[in-house]
Every structure is written in C-alpha cells, then in structure tokens.
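Structure first, then comments.
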Amino acid sequence: MFILILGAPGSGKGTQGKILAARLGLPKITTGDLLRAAIREQTPLGVEAGKYYNQGKLVPDSLVLDMIKDQLDRPGAKEGAILDGFPRTAAQAELVDRTLGQRGQRLHHILLLDVTDEELVRRMRARAHVEGRTDDSPEAIATRLQTYQRDTAPLIAHYAQRGIVHRVPGTGTVDDIAGEIKRIIGR
Ligand code: AP5
Ligand code: MG
C-alpha cells in the first residue's frame with residue numbers, strides 16, 4: 001500500500017509518517033531527509049540543492065526526479081511505502097503515478113494534514129531553537145508556506161478527482177491524530 005502524507009511545512013508529515021510506517025511495517029521515504037543528508041555530506045546533489053533548500057525554495061525537479069525514481073525502485077518499496085514530502089509538484093506527481101502504474105500499483109490514500117498557518121509558524125519557530133534547521137529561519141519559513149500554496153496545494157485537486165484524499169485535522173495531540181489516521185485507512 002502506498003500512502004502519501006501531504007501538508008504544509010510543519011503540519012506533521014514526518015511525525016505522523018513515522019508512526020504510520022512503523023505500524024504498517026512499510027518504509028517511509030522522505031525527500032527532505034534525503035536532501036538534508038546530501039547537503040550535510042556535500043555531495044554534488046547536496047551542493048546544488050542547498051542553494052534552494054536554505055532559502056525555503058523547492059529544489060528543482062531536474063535535481064530531484066531521479067532521486068525519487070531511485071527510491072521508489074528500491075526493493076524495500078516494492079509492496080508499498082509512506083511518501084513524506086513528495087510528490088510536491090505536477091512533474092513529481094506524474095513521475096510517481098507513472099512509476100507505480102508501470103508496476104500495476106497506485107497511490108491508495110492521500111492524507112492531507114490540515115493546520116492553520118499560525119500554528120505552522122509557531123511549530124517551525126519552536127523547532128528552529130531545538131534543531132537549528134537552516135530552513136526554519138523566519139524568511140525561509142515564509143517562502144516555504146508560499147511555495148506550498150503555489151506549487152503543492154494544487155495537487156490536492158489532482159488527487160481529489162480520484163476520490164483518495166482524506167482531510168485530517170492536524171492539530172491536537174500526536175496520538176489523537178495518529179488515531180484518526182488509523183480510523184481513516186482502516187488499519
Ligand atoms: P521537508 O523536509 O519535506 O519539510 P517541510 O515540508 O517544510 O515540512 P517539515 O519537515 O518542516 O514539517 P512536517 O510536515 O514533516 O512536520 P513535522 O512532523 O516535522 O522539505 C524541506 C525542504 O527540502 C523544502 O523546502 C525543499 O527545499 C526541499 N525538498 C524536500 N522535498 C522536496 C521535493 N520533493 N521536491 C523539491 N524540494 C524538496 O512537525 C513539525 C514540528 O511540529 C516538529 O517540531 C514536531 O515535533 C511538531 N509537531 C508535530 N505534530 C505536532 C502536534 N500534533 N502538535 C504540536 N506539535 C507537533
Ligand atoms: Mg518533515
């Protein structure tokens with residue numbers, strides 16, 4: 001089963017994705033974590049990606065599409081995966097649909113975490129003090145929120161046509177939200 005966790009920056013994709021992946025015994029693929037590792041290690045991809053990442057901009061599709069394809073093609077992701085942080089653009093959505101489609105698979109559920117902008121900003125600012133993520137600066141946070149609305153939110157309509165989008169209230173305790181997700185997907 002392939003499940004996409006969709007939502008604005010700070011909405012809880014990583015937190016809920018981890019719980020869901022552990023419960024279902026599926027790998028979680030997180031493009032943000034992969035990019036952070038590449039940036040830390042200063043690989044050729046990391047050096048290029050860092051220029052966008054630090055400003056809160058999306059890393060261009062030309063840099064991330066191959067990475068996404070490689071991840072979906074891994075043996076561990078044959079039966080399913082939790083997708084956290086991608087697809088984020090129309091081109092990425094097309095790649096995911098095509099890659100899974102060629103294997104006779106598809107995305108089963110899209111979980112859309114719904115959190116107000118005010119709460120998103122509060123969470124990211126709080127995290128900035130704890131984790132020091134370079135894209136949790138006030139300027140990058142503002143850019144990430146705008147970028148989500150412009151480039152990623154349109155994917156909701158794309159998937160809603162297939163009737164697989166579930167809106168999940170993303171505020172409340174982590175456990176309550178995880179419980180709601182369990183109820184929605186039925187396991
Ligand atoms: P990415 O790493 O995907 O970050 P993001 O989308 O900005 O979201 P976050 O990871 O900040 O938040 P989250 O939704 O995972 O929430 P979390 O669980 O951490 O992307 C970062 C950057 O990488 C992008 O800007 C781009 O540059 C690049 N990138 C990544 N993927 C890309 C792609 N596919 N294409 C192009 N570029 C790409 O929770 C947030 C905080 O809130 C945490 O501190 C958490 O502890 C807390 N929290 C969680 N749940 C709750 C709750 N219920 N109540 C209170 N606090 C909570
Ligand atoms: Mg995350």
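Following the order of the structure tokens, first chain is A, next is B, and so on, with residues numbered from 1 inside each chain and ligands from 1 in the order they appear.
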
What are the nearest atom pairs, with distances in Å to one decimal, for all residues of chain A that come at most 9 Å from ligand 2, using only C-alpha atoms and all ligand atoms, set out by chain and rising residue number as CSV?
residue,atom,partner,partner_atom_place_in_ligand_line,distance
A:Pro9,CA,ligand 2,1 (Mg),7.2
A:Gly10,CA,ligand 2,1 (Mg),6.9
A:Ser11,CA,ligand 2,1 (Mg),8.3
A:Gly12,CA,ligand 2,1 (Mg),6.8
A:Lys13,CA,ligand 2,1 (Mg),5.5
A:Gly14,CA,ligand 2,1 (Mg),4.2
A:Thr15,CA,ligand 2,1 (Mg),7.4
A:Gly17,CA,ligand 2,1 (Mg),8.8
A:Thr30,CA,ligand 2,1 (Mg),7.3
A:Thr31,CA,ligand 2,1 (Mg),8.7
A:Gly32,CA,ligand 2,1 (Mg),6.5
A:Asp33,CA,ligand 2,1 (Mg),7.6
A:Asp84,CA,ligand 2,1 (Mg),7.0
A:Gly85,CA,ligand 2,1 (Mg),6.7

Write the selection just made, keeping C-alpha atoms, as a compact mmCIF listing (two decimals), in the first residue's frame?
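Wrote part.txt, looks like this:
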# COMPACT_ATOMS: atom_id res chain seq x y z
CA PRO A 9 5.58 22.72 6.15
CA GLY A 10 5.32 21.91 9.83
CA SER A 11 1.96 20.15 9.51
CA GLY A 12 3.28 16.89 10.99
CA LYS A 13 4.09 14.80 7.92
CA GLY A 14 7.30 13.46 9.45
CA THR A 15 5.79 12.83 12.87
CA GLY A 17 4.59 9.30 8.74
CA THR A 30 11.27 11.42 2.97
CA THR A 31 12.81 13.58 0.27
CA GLY A 32 13.59 16.33 2.81
CA ASP A 33 15.71 13.92 4.89
CA ASP A 84 6.57 12.09 3.06
CA GLY A 85 7.33 15.36 1.29

Considering only C-alpha atoms, return as a ChimeraX atom specification whatever protein or nucleic-acid residues lie within 10 Å of Met124 in chain A, sequence-local ones (same chain, fewer than 6 positions apart) excluded. /A:9-11,130-131,133,135-138,141

Give me the range 70-102 of chain A side of the contact with range 3-7 of chain A, cut-off 9 Å, one line per residue showing its nearest atom pair and distance in Å at one decimal, counting only C-alpha atoms, sorted by chain and residue number, as CSV.
residue,atom,partner,partner_atom,distance
A:Gly80,CA,A:Ile3,CA,7.9
A:Ala81,CA,A:Ile3,CA,6.5
A:Ile82,CA,A:Ile3,CA,5.0
A:Leu83,CA,A:Leu4,CA,4.6
A:Asp84,CA,A:Ile5,CA,5.4
A:Gly85,CA,A:Leu6,CA,6.9
A:Phe86,CA,A:Leu4,CA,7.7
A:Pro87,CA,A:Leu4,CA,8.2
A:Arg88,CA,A:Leu6,CA,8.6

Given the selection you just returned, output its residues as a file containing all heavy atoms, formatted as an mmCIF file, in the first residue's frame.
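Output file part.cif is given in full below:
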data_model
loop_
_atom_site.group_PDB
_atom_site.id
_atom_site.type_symbol
_atom_site.label_atom_id
_atom_site.label_comp_id
_atom_site.auth_asym_id
_atom_site.auth_seq_id
_atom_site.Cartn_x
_atom_site.Cartn_y
_atom_site.Cartn_z
ATOM 1 N N GLY A 80 5.008 -1.345 -1.010
ATOM 2 C CA GLY A 80 4.352 -0.139 -0.530
ATOM 3 C C GLY A 80 5.326 0.760 0.186
ATOM 4 O O GLY A 80 6.474 0.382 0.435
ATOM 5 N N ALA A 81 4.874 1.957 0.495
ATOM 6 C CA ALA A 81 5.726 2.917 1.204
ATOM 7 C C ALA A 81 4.867 4.078 1.676
ATOM 8 O O ALA A 81 3.765 4.297 1.172
ATOM 9 C CB ALA A 81 6.840 3.430 0.297
ATOM 10 N N ILE A 82 5.390 4.774 2.666
ATOM 11 C CA ILE A 82 4.782 6.018 3.105
ATOM 12 C C ILE A 82 5.588 7.146 2.474
ATOM 13 O O ILE A 82 6.808 7.233 2.678
ATOM 14 C CB ILE A 82 4.840 6.165 4.654
ATOM 15 C CG1 ILE A 82 4.286 4.912 5.351
ATOM 16 C CG2 ILE A 82 4.118 7.432 5.084
ATOM 17 C CD1 ILE A 82 2.857 4.584 5.043
ATOM 18 N N LEU A 83 4.942 7.953 1.682
ATOM 19 C CA LEU A 83 5.619 9.049 0.980
ATOM 20 C C LEU A 83 5.461 10.334 1.796
ATOM 21 O O LEU A 83 4.342 10.797 2.022
ATOM 22 C CB LEU A 83 5.006 9.239 -0.413
ATOM 23 C CG LEU A 83 5.458 8.316 -1.543
ATOM 24 C CD1 LEU A 83 5.548 6.866 -1.126
ATOM 25 C CD2 LEU A 83 4.565 8.470 -2.765
ATOM 26 N N ASP A 84 6.578 10.884 2.231
ATOM 27 C CA ASP A 84 6.567 12.092 3.059
ATOM 28 C C ASP A 84 7.346 13.191 2.337
ATOM 29 O O ASP A 84 8.554 13.078 2.163
ATOM 30 C CB ASP A 84 7.214 11.752 4.425
ATOM 31 C CG ASP A 84 7.624 12.975 5.239
ATOM 32 O OD1 ASP A 84 7.242 14.101 4.897
ATOM 33 O OD2 ASP A 84 8.347 12.780 6.243
ATOM 34 N N GLY A 85 6.642 14.213 1.898
ATOM 35 C CA GLY A 85 7.332 15.357 1.287
ATOM 36 C C GLY A 85 7.455 15.282 -0.222
ATOM 37 O O GLY A 85 8.061 16.146 -0.842
ATOM 38 N N PHE A 86 6.885 14.296 -0.838
ATOM 39 C CA PHE A 86 6.799 14.219 -2.298
ATOM 40 C C PHE A 86 5.666 13.280 -2.670
ATOM 41 O O PHE A 86 5.346 12.403 -1.878
ATOM 42 C CB PHE A 86 8.128 13.707 -2.880
ATOM 43 C CG PHE A 86 8.272 12.204 -2.794
ATOM 44 C CD1 PHE A 86 8.017 11.389 -3.891
ATOM 45 C CD2 PHE A 86 8.613 11.590 -1.596
ATOM 46 C CE1 PHE A 86 8.119 10.003 -3.799
ATOM 47 C CE2 PHE A 86 8.717 10.207 -1.502
ATOM 48 C CZ PHE A 86 8.478 9.425 -2.602
ATOM 49 N N PRO A 87 5.052 13.421 -3.821
ATOM 50 C CA PRO A 87 5.301 14.466 -4.805
ATOM 51 C C PRO A 87 4.858 15.847 -4.314
ATOM 52 O O PRO A 87 3.927 15.971 -3.532
ATOM 53 C CB PRO A 87 4.465 14.025 -6.010
ATOM 54 C CG PRO A 87 3.374 13.176 -5.435
ATOM 55 C CD PRO A 87 3.986 12.499 -4.253
ATOM 56 N N ARG A 88 5.556 16.855 -4.808
ATOM 57 C CA ARG A 88 5.339 18.241 -4.397
ATOM 58 C C ARG A 88 5.070 19.138 -5.576
ATOM 59 O O ARG A 88 4.778 20.317 -5.386
ATOM 60 C CB ARG A 88 6.634 18.714 -3.764
ATOM 61 C CG ARG A 88 6.575 19.072 -2.313
ATOM 62 C CD ARG A 88 8.007 19.303 -1.871
ATOM 63 N NE ARG A 88 8.097 20.171 -0.750
ATOM 64 C CZ ARG A 88 8.327 19.749 0.494
ATOM 65 N NH1 ARG A 88 8.442 18.481 0.765
ATOM 66 N NH2 ARG A 88 8.433 20.629 1.452
#

CA of Gly56 in chain A to CA of Ile164 in chain A, distance in Å rounded to a single decimal: 28.6 Å

When DSSP works through the backbone of this structure, what residues of range 9-46 of chain A end up as helix (DSSP H, G or I), shown as a ChimeraX atom specification? /A:13-24,31-41,44-46

Which residues of range 24-112 of chain A have any atom within 12 Å of an atom in range 165-186 of chain A when counting only C-alpha atoms, and what is the closest pair of atoms for each, with the distance in Å to one decimal? Order the rows by chain and rising number and write it as CSV.
residue,atom,partner,partner_atom,distance
A:Leu24,CA,A:Lys182,CA,10.1
A:Leu107,CA,A:Val165,CA,10.3
A:His108,CA,A:Val165,CA,9.2
A:His109,CA,A:Val165,CA,6.3
A:Ile110,CA,A:Val165,CA,4.7
A:Leu111,CA,A:His166,CA,5.1
A:Leu112,CA,A:Arg167,CA,4.8

Can you write out the residues you just picked, keeping C-alpha atoms, as a compact mmCIF listing (two decimals), in the first residue's frame?
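Heads up, here's the output in again.txt:
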# COMPACT_ATOMS: atom_id res chain seq x y z
CA LEU A 24 2.14 -0.86 8.78
CA LEU A 107 -1.37 5.56 -4.52
CA HIS A 108 -4.12 4.26 -2.24
CA HIS A 109 -4.57 7.13 0.18
CA ILE A 110 -3.62 10.77 0.40
CA LEU A 111 -3.71 12.03 3.98
CA LEU A 112 -3.94 15.80 3.98

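Comparing the minimum interatomic distances between ligand 1 and each of A:Lys51, A:Arg123, A:Arg98, A:Lys69, counting only C-alpha atoms and all ligand atoms, we find that A:Arg123 sits nearest.
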
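Of the listed residues (A:Ser62, A:Asn54, A:Thr89, A:Gln42), A:Thr89 comes nearest to Ala153 in chain A; the distances count only C-alpha atoms.
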
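For the atom pair formed by CA of Thr116 in chain A and CA of Tyr53 in chain A, the distance is 22.9 Å, given to one decimal.
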
Could you name the residues that touch Asp73 in chain A at 12 Å or less, counting only C-alpha atoms, but leaving out those on the same chain fewer than 4 positions away, as a list in words? Ile29, Asp66, Met67, Ile68, Lys69, Ala77, Lys78, Glu79, Gly80, Ala81, Leu95, Val96, Thr99, Leu100, Gln102 and Arg103 of chain A

Of the candidates A:Arg74, A:Lys57, A:His129, A:Arg122, which shows the shortest atom-to-atom distance to Gln146 in chain A, using only C-alpha atoms? A:Lys57
